[in-house]
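Notes for the one structure printed next.
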Amino acid sequence: MAERIIEIVNLNFDHDGISVLEDINLVIERGDFLGIIGPNGSGKTTLLKIMLGLIKPKGGTVELFGVNIHHFKDWFRIGYVAQHAINFDMNFPLSVFEVVSMGRFSKKGLLRKLDKKDLQIIEDALEIVGMKGYKNKMIGELSGGEKQRVFIARALASEPELLILDEPTAGVDIRVQKEFYDFLERLNKERKITLVLVTHDIGTVTSRVGKLVCMNKRLFPGCYADESLIDVPIEGMKLIHHLHGE
Amino acid sequence: MLEILQYSFMQRAFIAGIMVAIICSAIGTFIVLKRLSMIGDGLAHIALGGVALGLFFNVYPIITALLFSAISALGINRLRKTKVHGDVAIAIFFSAGLAVAVVLLSLANGFNVNLFSYLFGSILTVNETDLQIVMGLGILTVGAIILFYKEFVYLTFDEESAIVSGIPVDKLNDALVILTAITVVVSIKIVGILLVSSLLVVPTAISLQISKNFKETILFSTVFAILSVVTGLISSYYFNIATGGAIVLVSIIFFIAITLYKNYIIKLKSNA
């Protein structure tokens with residue numbers, strides 16, 4: 001059995017008494033390409049933020065790489081691309097290179113400067129996402145799809161074993177989305193990076209991920225099987241019959 | 001030109017002024033980009049309460065101002081994390097500081113001249129003790145920025161990702177506001193409480209129009225701050241005008257010139 005990278009048992013979370021997550025059980029194994037889909041407000045982002053240690057779980061246990069999240073320290077093993085990562089101040093004075101170099105900070109620790117090896121890893125990360133030629137450009141000058149790649153390069157620069165992406169294709173056009181999923185598949189297959197992708201868009205994602213769970217406060221694993229996909233006459237689109245348990 | 005450097009009070013003014021320009025522009029870059037431009041003004045008015053306290057109890061006012069604004073800076077950070085918005089948090093501390101100053105002022109029947117020098121700055125009366133404090137705290141601030149540069153840049157741009165990377169964002173945010181408090185208090189002697197925030201904000205505002213990355217932003221901001229202080233000092237000497245005001249006016253002239261150049265001249269050229 002593959003190593004368990006994330007194990008969530010009986011997780012509950014409420015916000016001011018309103019239940020957000022109920023009885024979540026989820027195992028993510030090394031090499032998985034997991035899609036989590038669900039409507040807006042279904043608790044997807046909350047679940048991710050708990051996995052990332054941004055929010056403390058209120059009931060149940062969360063283990064990252066076999067370590068209880070309360071004691072987990074190796075945050076560099078997890079790369080994260082936030083929802084709306086690309087919606088920042090357009091005039092923020094940062095070059096593409098400076099943004100990607102932030103990915104090395106978690107590994108370096110405080111008070112230590114980036115060395116030659118770090119610079120090489122940053123260059124490599126830019127190369128992987130195909131943005132090497134843009135390294136001296138100001139981040140605000142890039143298009144939505146290009147910014148998204150830069151943020152993924154930043155996440156890759158920490159050499160993560162797990163990459164978590166929250167609505168990565170929001171605001172990116174369909175053609176770029178296709179390339180983007182091709183790119184994620186290569187990361188997963190060639191670089192053996194475990195991927196967790198959260199989206200409310202069930203269009204492309206269902207045909208690209210290895211495992212899929214649907215979410216609406218609770219998880220509904222097995223809501224997806226190949227045979228439940230219905231072909232529709234739009235390229236790259238499939239219709240999926242699924243329930244959110246309502 | 002060099003004759004003004006013959007006077008030791010002018011030498012001290014130049015040294016203190018340049019140090020203040022360096023720390024204001026460096027800290028200002030982070031503050032402006034974190035959208036906390038008003039914190040400088042807030043902390044300066046809080047410092048006024050501290051200065052009044054010092055004058056009232058006959059303690060060196062810079063010390064009380066430093067304590068007052070550092071503690072308030074941490075308070076502002078705490079309040080920002082609750083449901084109180086950043087600008088409201090600043091406004092509350094701002095008015096509290098000012099209220100303390102006014103009450104103490106009425107109790108003491110006015111310290112007039114002395115308090116006046118803190119309000120408007122008195123760079124030409126910088127003495128050896130002042131200079132030592134400016135240099136000591138200035139070096140401390142520059143050192144802290146160099147040491148934590150990469151972390152400060154990260155949390156200024158993207159706090160959430162910085163947390164996920166394991167960077168101690170809360171502690172560094174506290175450090176940044178304390179450094180801001182130090183910078184503000186150190187600068188009071190130079191430009192005065194009423195004008196401190198312009199030295200924090202204007203050089204960065206100029207620099208942001210022409211820089212393409214973070215390093216450039218800090219560098220250009222420092223260059224414009226130093227130019228403003230030096231030009232302001234020289235003109236205040238020759239034209240016999242208030243130094244703080246002269247420094248800030250020079251920086252505003254730079255701002256207008258660069259803004260016009262950037263937004264009109266370049267566009268006109270590209271249209272032609």
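Lettering and numbering for the structure tokens are positional, with chains as A, B, ... in the shown order, residues counted from 1 in each chain, and ligands counted from 1 in the shown order.
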Show me, as a PyMOL selection string, the residues that have an atom within 9 Å of B:Val142 when counting only C-alpha atoms, minus same-chain residues fewer than 3 positions from it.
chain B and resi 22-23+26-27+137-139+145-147
For the interface of chain A with chain B (cut-off 7 Å, counting only C-alpha atoms), please tabulate each contacting residue of chain A alongside its nearest pair of atoms and their separation in Å to one decimal, rows sorted by chain and increasing number, as CSV.
residue,atom,partner,partner_atom,distance
A:Leu52,CA,B:Val164,CA,6.3
A:Leu54,CA,B:Val164,CA,6.9
A:Trp75,CA,B:Ser165,CA,5.7
A:Phe76,CA,B:Ser165,CA,6.1
A:Pro93,CA,B:Asn213,CA,4.5
A:Leu94,CA,B:Asn213,CA,4.1
A:Ser95,CA,B:Asn213,CA,4.9
A:Met102,CA,B:Tyr154,CA,6.4
A:Ser106,CA,B:Ser165,CA,4.9
A:Leu111,CA,B:Leu147,CA,5.5
A:Met138,CA,B:Lys212,CA,5.6
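Contact shell of A:Lys132 at 7 Å (only C-alpha atoms; same-chain neighbours under 4 positions omitted): Glu123, Leu126 and Glu127 of chain A.
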**Message:** Please identify the helix (DSSP H, G or I) residues within stretch 3-242 of chain A (assignment by DSSP from backbone atoms) and present them as number ranges by chain.
**Reply:** A: 44-51, 75-77, 96-108, 116-128, 132-134, 139-141, 144-156, 174-190, 205-208, 226-228
Write the residues you've just listed into a file as an mmCIF file, in the first residue's frame, and include C-alpha atoms for each of them.
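Output below, filename selection.cif:
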data_model
loop_
_atom_site.group_PDB
_atom_site.id
_atom_site.type_symbol
_atom_site.label_atom_id
_atom_site.label_comp_id
_atom_site.auth_asym_id
_atom_site.auth_seq_id
_atom_site.Cartn_x
_atom_site.Cartn_y
_atom_site.Cartn_z
ATOM 1 C CA LYS A 44 -13.920 22.844 0.082
ATOM 2 C CA THR A 45 -11.661 25.753 0.908
ATOM 3 C CA THR A 46 -12.191 25.234 4.653
ATOM 4 C CA LEU A 47 -11.089 21.619 4.257
ATOM 5 C CA LEU A 48 -7.949 22.723 2.388
ATOM 6 C CA LYS A 49 -7.149 25.381 4.960
ATOM 7 C CA ILE A 50 -7.366 22.763 7.688
ATOM 8 C CA MET A 51 -4.993 20.501 5.731
ATOM 9 C CA TRP A 75 5.622 22.660 5.748
ATOM 10 C CA PHE A 76 8.042 22.798 2.806
ATOM 11 C CA ARG A 77 6.804 19.307 1.865
ATOM 12 C CA VAL A 96 8.609 36.864 -11.540
ATOM 13 C CA PHE A 97 11.948 35.670 -10.170
ATOM 14 C CA GLU A 98 11.323 37.311 -6.785
ATOM 15 C CA VAL A 99 7.889 35.646 -6.532
ATOM 16 C CA VAL A 100 9.244 32.183 -7.321
ATOM 17 C CA SER A 101 12.188 32.632 -4.938
ATOM 18 C CA MET A 102 9.674 32.886 -2.071
ATOM 19 C CA GLY A 103 9.125 29.169 -2.588
ATOM 20 C CA ARG A 104 12.614 28.538 -1.184
ATOM 21 C CA PHE A 105 12.077 30.508 2.034
ATOM 22 C CA SER A 106 10.325 27.716 3.931
ATOM 23 C CA LYS A 107 13.270 25.410 3.325
ATOM 24 C CA LYS A 108 15.934 27.967 4.142
ATOM 25 C CA LYS A 116 23.575 29.069 -5.696
ATOM 26 C CA LYS A 117 21.662 25.821 -5.309
ATOM 27 C CA ASP A 118 18.486 27.724 -4.412
ATOM 28 C CA LEU A 119 18.875 29.961 -7.450
ATOM 29 C CA GLN A 120 19.245 26.875 -9.646
ATOM 30 C CA ILE A 121 16.077 25.315 -8.179
ATOM 31 C CA ILE A 122 14.210 28.577 -8.817
ATOM 32 C CA GLU A 123 15.419 28.583 -12.432
ATOM 33 C CA ASP A 124 14.348 24.943 -12.791
ATOM 34 C CA ALA A 125 10.886 25.655 -11.387
ATOM 35 C CA LEU A 126 10.496 28.477 -13.930
ATOM 36 C CA GLU A 127 11.641 26.111 -16.654
ATOM 37 C CA ILE A 128 9.085 23.452 -15.648
ATOM 38 C CA LYS A 132 11.923 31.111 -17.759
ATOM 39 C CA GLY A 133 11.921 33.868 -20.354
ATOM 40 C CA TYR A 134 9.744 36.000 -18.097
ATOM 41 C CA ILE A 139 4.410 39.939 -12.001
ATOM 42 C CA GLY A 140 1.508 42.356 -12.522
ATOM 43 C CA GLU A 141 2.252 42.598 -16.252
ATOM 44 C CA GLY A 144 -3.984 35.350 -15.748
ATOM 45 C CA GLY A 145 -2.678 32.030 -17.081
ATOM 46 C CA GLU A 146 0.941 33.175 -16.877
ATOM 47 C CA LYS A 147 0.505 34.384 -13.295
ATOM 48 C CA GLN A 148 -1.025 31.040 -12.386
ATOM 49 C CA ARG A 149 2.085 29.294 -13.751
ATOM 50 C CA VAL A 150 4.345 31.560 -11.753
ATOM 51 C CA PHE A 151 2.471 30.727 -8.550
ATOM 52 C CA ILE A 152 2.778 27.044 -9.331
ATOM 53 C CA ALA A 153 6.491 27.559 -9.944
ATOM 54 C CA ARG A 154 6.680 29.199 -6.511
ATOM 55 C CA ALA A 155 4.985 26.164 -4.975
ATOM 56 C CA LEU A 156 7.325 23.818 -6.919
ATOM 57 C CA ILE A 174 -10.712 26.982 -21.777
ATOM 58 C CA ARG A 175 -7.727 26.567 -24.114
ATOM 59 C CA VAL A 176 -5.275 27.476 -21.360
ATOM 60 C CA GLN A 177 -7.166 25.183 -18.972
ATOM 61 C CA LYS A 178 -6.507 22.209 -21.237
ATOM 62 C CA GLU A 179 -2.781 22.955 -21.347
ATOM 63 C CA PHE A 180 -2.866 23.461 -17.623
ATOM 64 C CA TYR A 181 -4.352 20.016 -16.944
ATOM 65 C CA ASP A 182 -1.814 18.446 -19.338
ATOM 66 C CA PHE A 183 0.854 20.155 -17.292
ATOM 67 C CA LEU A 184 -0.602 18.876 -13.982
ATOM 68 C CA GLU A 185 -0.727 15.338 -15.385
ATOM 69 C CA ARG A 186 2.952 15.561 -16.246
ATOM 70 C CA LEU A 187 3.797 16.809 -12.751
ATOM 71 C CA ASN A 188 1.878 13.902 -11.299
ATOM 72 C CA LYS A 189 3.235 11.187 -13.593
ATOM 73 C CA GLU A 190 6.772 12.336 -14.355
ATOM 74 C CA VAL A 205 -11.550 18.040 -13.927
ATOM 75 C CA THR A 206 -13.603 14.828 -13.867
ATOM 76 C CA SER A 207 -11.820 13.446 -16.902
ATOM 77 C CA ARG A 208 -8.358 14.390 -15.742
ATOM 78 C CA ASP A 226 -16.003 6.254 -15.546
ATOM 79 C CA GLU A 227 -19.339 4.927 -16.723
ATOM 80 C CA SER A 228 -21.217 7.813 -15.154
#
Near stretch 105-110 of chain B, counting only C-alpha atoms, which residues have an atom at most 10 Å away, once you skip same-chain residues fewer than 6 positions from it, shown as number ranges by chain?
B: 49, 52-53, 55-56, 99
Export C-alpha atoms of the chosen residues as an mmCIF file, in the first residue's frame?
data_model
loop_
_atom_site.group_PDB
_atom_site.id
_atom_site.type_symbol
_atom_site.label_atom_id
_atom_site.label_comp_id
_atom_site.auth_asym_id
_atom_site.auth_seq_id
_atom_site.Cartn_x
_atom_site.Cartn_y
_atom_site.Cartn_z
ATOM 1 C CA GLY B 49 1.258 61.486 23.922
ATOM 2 C CA ALA B 52 3.975 64.945 26.582
ATOM 3 C CA LEU B 53 4.313 62.243 29.233
ATOM 4 C CA LEU B 55 7.989 66.367 29.395
ATOM 5 C CA PHE B 56 5.421 66.150 32.190
ATOM 6 C CA ALA B 99 -6.002 62.795 24.023
#
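Proximity to B:Leu104 was assessed for B:Leu200, B:Leu219, B:Lys189, B:Gly50 counting only C-alpha atoms; the smallest distance is recorded for B:Gly50.
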Taking 2 positions as the minimum chain separation for residues in the same chain, which residues sit within 8 Å of A:Phe65 when counting only C-alpha atoms? Answer as a PDB file with N, CA and C atoms, in the first residue's frame.
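And here's selection-v4.pdb as it stands now:
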ATOM      1  N   ARG A   4       0.631   6.929   3.160  1.00  0.00           N
ATOM      2  CA  ARG A   4      -0.474   7.866   3.357  1.00  0.00           C
ATOM      3  C   ARG A   4       0.078   9.265   3.597  1.00  0.00           C
ATOM      4  N   ILE A   5      -0.257  10.162   2.702  1.00  0.00           N
ATOM      5  CA  ILE A   5       0.280  11.517   2.821  1.00  0.00           C
ATOM      6  C   ILE A   5      -0.639  12.372   3.682  1.00  0.00           C
ATOM      7  N   ILE A   6      -1.926  12.194   3.484  1.00  0.00           N
ATOM      8  CA  ILE A   6      -2.886  12.873   4.361  1.00  0.00           C
ATOM      9  C   ILE A   6      -3.897  11.839   4.845  1.00  0.00           C
ATOM     10  N   GLU A  63      -3.746  13.963   9.992  1.00  0.00           N
ATOM     11  CA  GLU A  63      -2.319  13.619   9.979  1.00  0.00           C
ATOM     12  C   GLU A  63      -1.725  13.954   8.637  1.00  0.00           C
ATOM     13  N   VAL A  67       2.216  12.441  10.638  1.00  0.00           N
ATOM     14  CA  VAL A  67       2.413  13.236  11.859  1.00  0.00           C
ATOM     15  C   VAL A  67       1.124  14.019  12.131  1.00  0.00           C
TER      16      VAL A  67
END
Give the strand (DSSP E) residues of stretch 33-241 of chain A, as assigned by DSSP on the backbone, as a ChimeraX atom specification.
/A:33-37,59-64,67-68,78-81,162-166,194-199,211-216,218-221,229-231,238-240
Find the spatial neighbours of B:Met10, counting only C-alpha atoms, within a cut-off of 12 Å - ignore same-chain residues fewer than 6 positions away - and output them as a CSV table (one decimal) with N, CA and C atoms, in the first residue's frame.
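New file selection_17.csv:
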chain,number,residue,atom,x,y,z
B,2,LEU,N,30.1,74.1,0.4
B,2,LEU,CA,30.6,73.3,1.5
B,2,LEU,C,30.7,74.0,2.8
B,3,GLU,N,30.5,75.3,2.8
B,3,GLU,CA,30.6,76.1,4.0
B,3,GLU,C,29.6,75.7,5.1
B,4,ILE,N,28.5,75.2,4.6
B,4,ILE,CA,27.5,74.8,5.7
B,4,ILE,C,27.9,73.6,6.4
B,16,ALA,N,22.2,62.8,10.9
B,16,ALA,CA,20.9,62.3,11.4
B,16,ALA,C,19.8,62.2,10.3
B,17,GLY,N,19.8,63.3,9.5
B,17,GLY,CA,18.8,63.3,8.4
B,17,GLY,C,19.0,62.2,7.4
B,122,SER,N,13.1,69.8,14.8
B,122,SER,CA,14.1,70.8,15.0
B,122,SER,C,15.4,70.2,14.7
B,123,ILE,N,15.6,69.9,13.4
B,123,ILE,CA,16.8,69.1,13.0
B,123,ILE,C,18.1,69.9,13.4
B,124,LEU,N,18.0,71.2,13.4
B,124,LEU,CA,19.2,72.0,13.6
B,124,LEU,C,19.6,72.0,15.1
B,125,THR,N,18.7,71.5,16.0
B,125,THR,CA,19.1,71.4,17.4
B,125,THR,C,19.4,70.0,17.8
B,126,VAL,N,19.7,69.1,16.8
B,126,VAL,CA,20.1,67.8,17.2
B,126,VAL,C,21.4,67.8,17.9
B,127,ASN,N,21.4,67.3,19.2
B,127,ASN,CA,22.6,67.3,20.0
B,127,ASN,C,23.3,66.0,19.9
B,131,LEU,N,21.9,62.4,18.4
B,131,LEU,CA,22.5,61.8,17.3
B,131,LEU,C,22.9,60.3,17.6
B,230,VAL,N,18.6,65.9,2.0
B,230,VAL,CA,19.8,66.8,1.7
B,230,VAL,C,19.4,68.1,1.1
B,233,LEU,N,17.5,70.2,3.6
B,233,LEU,CA,18.4,70.8,4.6
B,233,LEU,C,19.1,72.0,4.0
B,234,ILE,N,19.7,71.8,2.8
B,234,ILE,CA,20.5,72.9,2.2
B,234,ILE,C,19.6,74.1,2.0
B,236,SER,N,16.8,74.9,3.5
B,236,SER,CA,16.3,75.5,4.7
B,236,SER,C,17.4,76.4,5.3
B,237,TYR,N,18.7,76.0,5.1
B,237,TYR,CA,19.8,76.8,5.6
B,237,TYR,C,19.9,78.1,4.8
B,243,THR,N,13.0,73.3,8.4
B,243,THR,CA,13.7,72.2,7.7
B,243,THR,C,12.7,71.1,7.4
Residues at most 9 Å from stretch 13-30 of chain A, counting only C-alpha atoms, excluding those fewer than 2 positions away in the same chain, as an NGL selection string? :A and (1-11 or 32-34 or 41-44 or 46-47 or 56-60 or 161-162 or 192-196 or 216-219 or 221)
The selected residues should be written to file as a compact mmCIF listing (two decimals), in the first residue's frame (atoms: N, CA and C atoms).
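Contents of the output file part.txt:
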# COMPACT_ATOMS: atom_id res chain seq x y z
N MET A 1 0.84 -1.20 0.00
CA MET A 1 0.00 0.00 0.00
C MET A 1 0.89 1.26 0.00
N ALA A 2 0.45 2.22 -0.77
CA ALA A 2 1.25 3.44 -0.87
C ALA A 2 1.22 4.21 0.45
N GLU A 3 2.24 5.02 0.65
CA GLU A 3 2.33 5.82 1.87
C GLU A 3 1.16 6.80 1.96
N ARG A 4 0.63 6.93 3.16
CA ARG A 4 -0.47 7.87 3.36
C ARG A 4 0.08 9.27 3.60
N ILE A 5 -0.26 10.16 2.70
CA ILE A 5 0.28 11.52 2.82
C ILE A 5 -0.64 12.37 3.68
N ILE A 6 -1.93 12.19 3.48
CA ILE A 6 -2.89 12.87 4.36
C ILE A 6 -3.90 11.84 4.84
N GLU A 7 -4.18 11.86 6.13
CA GLU A 7 -5.22 11.00 6.65
C GLU A 7 -6.12 11.83 7.57
N ILE A 8 -7.37 11.93 7.17
CA ILE A 8 -8.32 12.72 7.96
C ILE A 8 -9.37 11.77 8.51
N VAL A 9 -9.57 11.81 9.82
CA VAL A 9 -10.53 10.90 10.45
C VAL A 9 -11.57 11.70 11.23
N ASN A 10 -12.82 11.47 10.89
CA ASN A 10 -13.96 12.07 11.61
C ASN A 10 -13.81 13.57 11.85
N LEU A 11 -13.42 14.28 10.84
CA LEU A 11 -13.20 15.72 11.00
C LEU A 11 -14.53 16.48 10.97
N ASP A 32 -1.27 10.06 -5.68
CA ASP A 32 -2.66 10.35 -6.05
C ASP A 32 -2.77 11.66 -6.83
N PHE A 33 -3.78 11.69 -7.69
CA PHE A 33 -4.20 12.96 -8.30
C PHE A 33 -5.68 13.04 -7.96
N LEU A 34 -5.96 13.74 -6.85
CA LEU A 34 -7.32 13.75 -6.31
C LEU A 34 -8.03 15.05 -6.65
N GLY A 41 -19.54 27.22 -1.33
CA GLY A 41 -20.02 27.15 0.05
C GLY A 41 -20.13 25.74 0.59
N SER A 42 -19.52 24.76 -0.11
CA SER A 42 -19.65 23.38 0.36
C SER A 42 -18.55 23.01 1.34
N GLY A 43 -17.66 23.96 1.64
CA GLY A 43 -16.62 23.69 2.65
C GLY A 43 -15.29 23.24 2.06
N LYS A 44 -15.16 23.33 0.73
CA LYS A 44 -13.92 22.84 0.08
C LYS A 44 -12.70 23.61 0.58
N THR A 46 -12.41 25.47 3.22
CA THR A 46 -12.19 25.23 4.65
C THR A 46 -11.40 23.94 4.87
N LEU A 47 -11.79 22.90 4.13
CA LEU A 47 -11.09 21.62 4.26
C LEU A 47 -9.61 21.78 3.89
N LYS A 56 -7.46 25.69 12.60
CA LYS A 56 -7.33 24.55 13.49
C LYS A 56 -8.60 23.69 13.42
N PRO A 57 -8.45 22.38 13.25
CA PRO A 57 -9.64 21.51 13.25
C PRO A 57 -10.30 21.51 14.63
N LYS A 58 -11.61 21.32 14.68
CA LYS A 58 -12.29 21.37 15.98
C LYS A 58 -12.62 19.98 16.52
N GLY A 59 -12.80 19.03 15.62
CA GLY A 59 -13.05 17.67 16.09
C GLY A 59 -12.49 16.70 15.08
N GLY A 60 -11.99 15.56 15.55
CA GLY A 60 -11.39 14.61 14.63
C GLY A 60 -9.90 14.82 14.54
N GLU A 161 6.24 17.45 -1.97
CA GLU A 161 5.80 16.11 -2.32
C GLU A 161 4.30 16.13 -2.59
N LEU A 162 3.64 17.13 -2.02
CA LEU A 162 2.20 17.28 -2.19
C LEU A 162 1.92 18.71 -2.65
N LYS A 192 6.19 12.66 -10.02
CA LYS A 192 5.66 11.91 -8.87
C LYS A 192 5.16 12.83 -7.76
N ILE A 193 4.60 13.96 -8.14
CA ILE A 193 4.06 14.86 -7.12
C ILE A 193 2.59 14.51 -6.89
N THR A 194 2.24 14.33 -5.63
CA THR A 194 0.85 14.06 -5.29
C THR A 194 0.06 15.36 -5.43
N LEU A 195 -1.08 15.28 -6.08
CA LEU A 195 -1.83 16.50 -6.35
C LEU A 195 -3.22 16.44 -5.73
N VAL A 196 -3.62 17.54 -5.12
CA VAL A 196 -5.00 17.69 -4.66
C VAL A 196 -5.53 18.97 -5.30
N ASN A 216 -20.15 18.23 -0.06
CA ASN A 216 -21.09 19.26 0.35
C ASN A 216 -21.26 19.10 1.86
N LYS A 217 -20.39 19.74 2.58
CA LYS A 217 -20.23 19.57 4.03
C LYS A 217 -19.68 18.18 4.35
N ARG A 218 -20.23 17.16 3.68
CA ARG A 218 -19.72 15.80 3.84
C ARG A 218 -19.01 15.40 2.56
N LEU A 219 -18.25 14.34 2.63
CA LEU A 219 -17.62 13.83 1.41
C LEU A 219 -18.47 12.70 0.86
N PRO A 221 -17.50 9.95 -1.51
CA PRO A 221 -16.57 9.24 -2.39
C PRO A 221 -17.36 8.32 -3.31
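Going from atom CA of A:Lys113 to atom CA of B:Val32 covers 24.6 Å.
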Counting only C-alpha atoms, closest pick from B:Ile182, B:Cys24, B:Phe116, B:Thr204 relative to B:Thr64 is B:Ile182
Nearest to B:Ile178, restricted to only C-alpha atoms and choosing among B:Ile252, B:Leu268, B:Leu43, B:Ala89, comes out as B:Leu43
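Distance check against A:Gly79 using only C-alpha atoms: of A:Ile55, A:Leu212, A:Leu165, A:Ile37, the minimum falls on A:Leu165.
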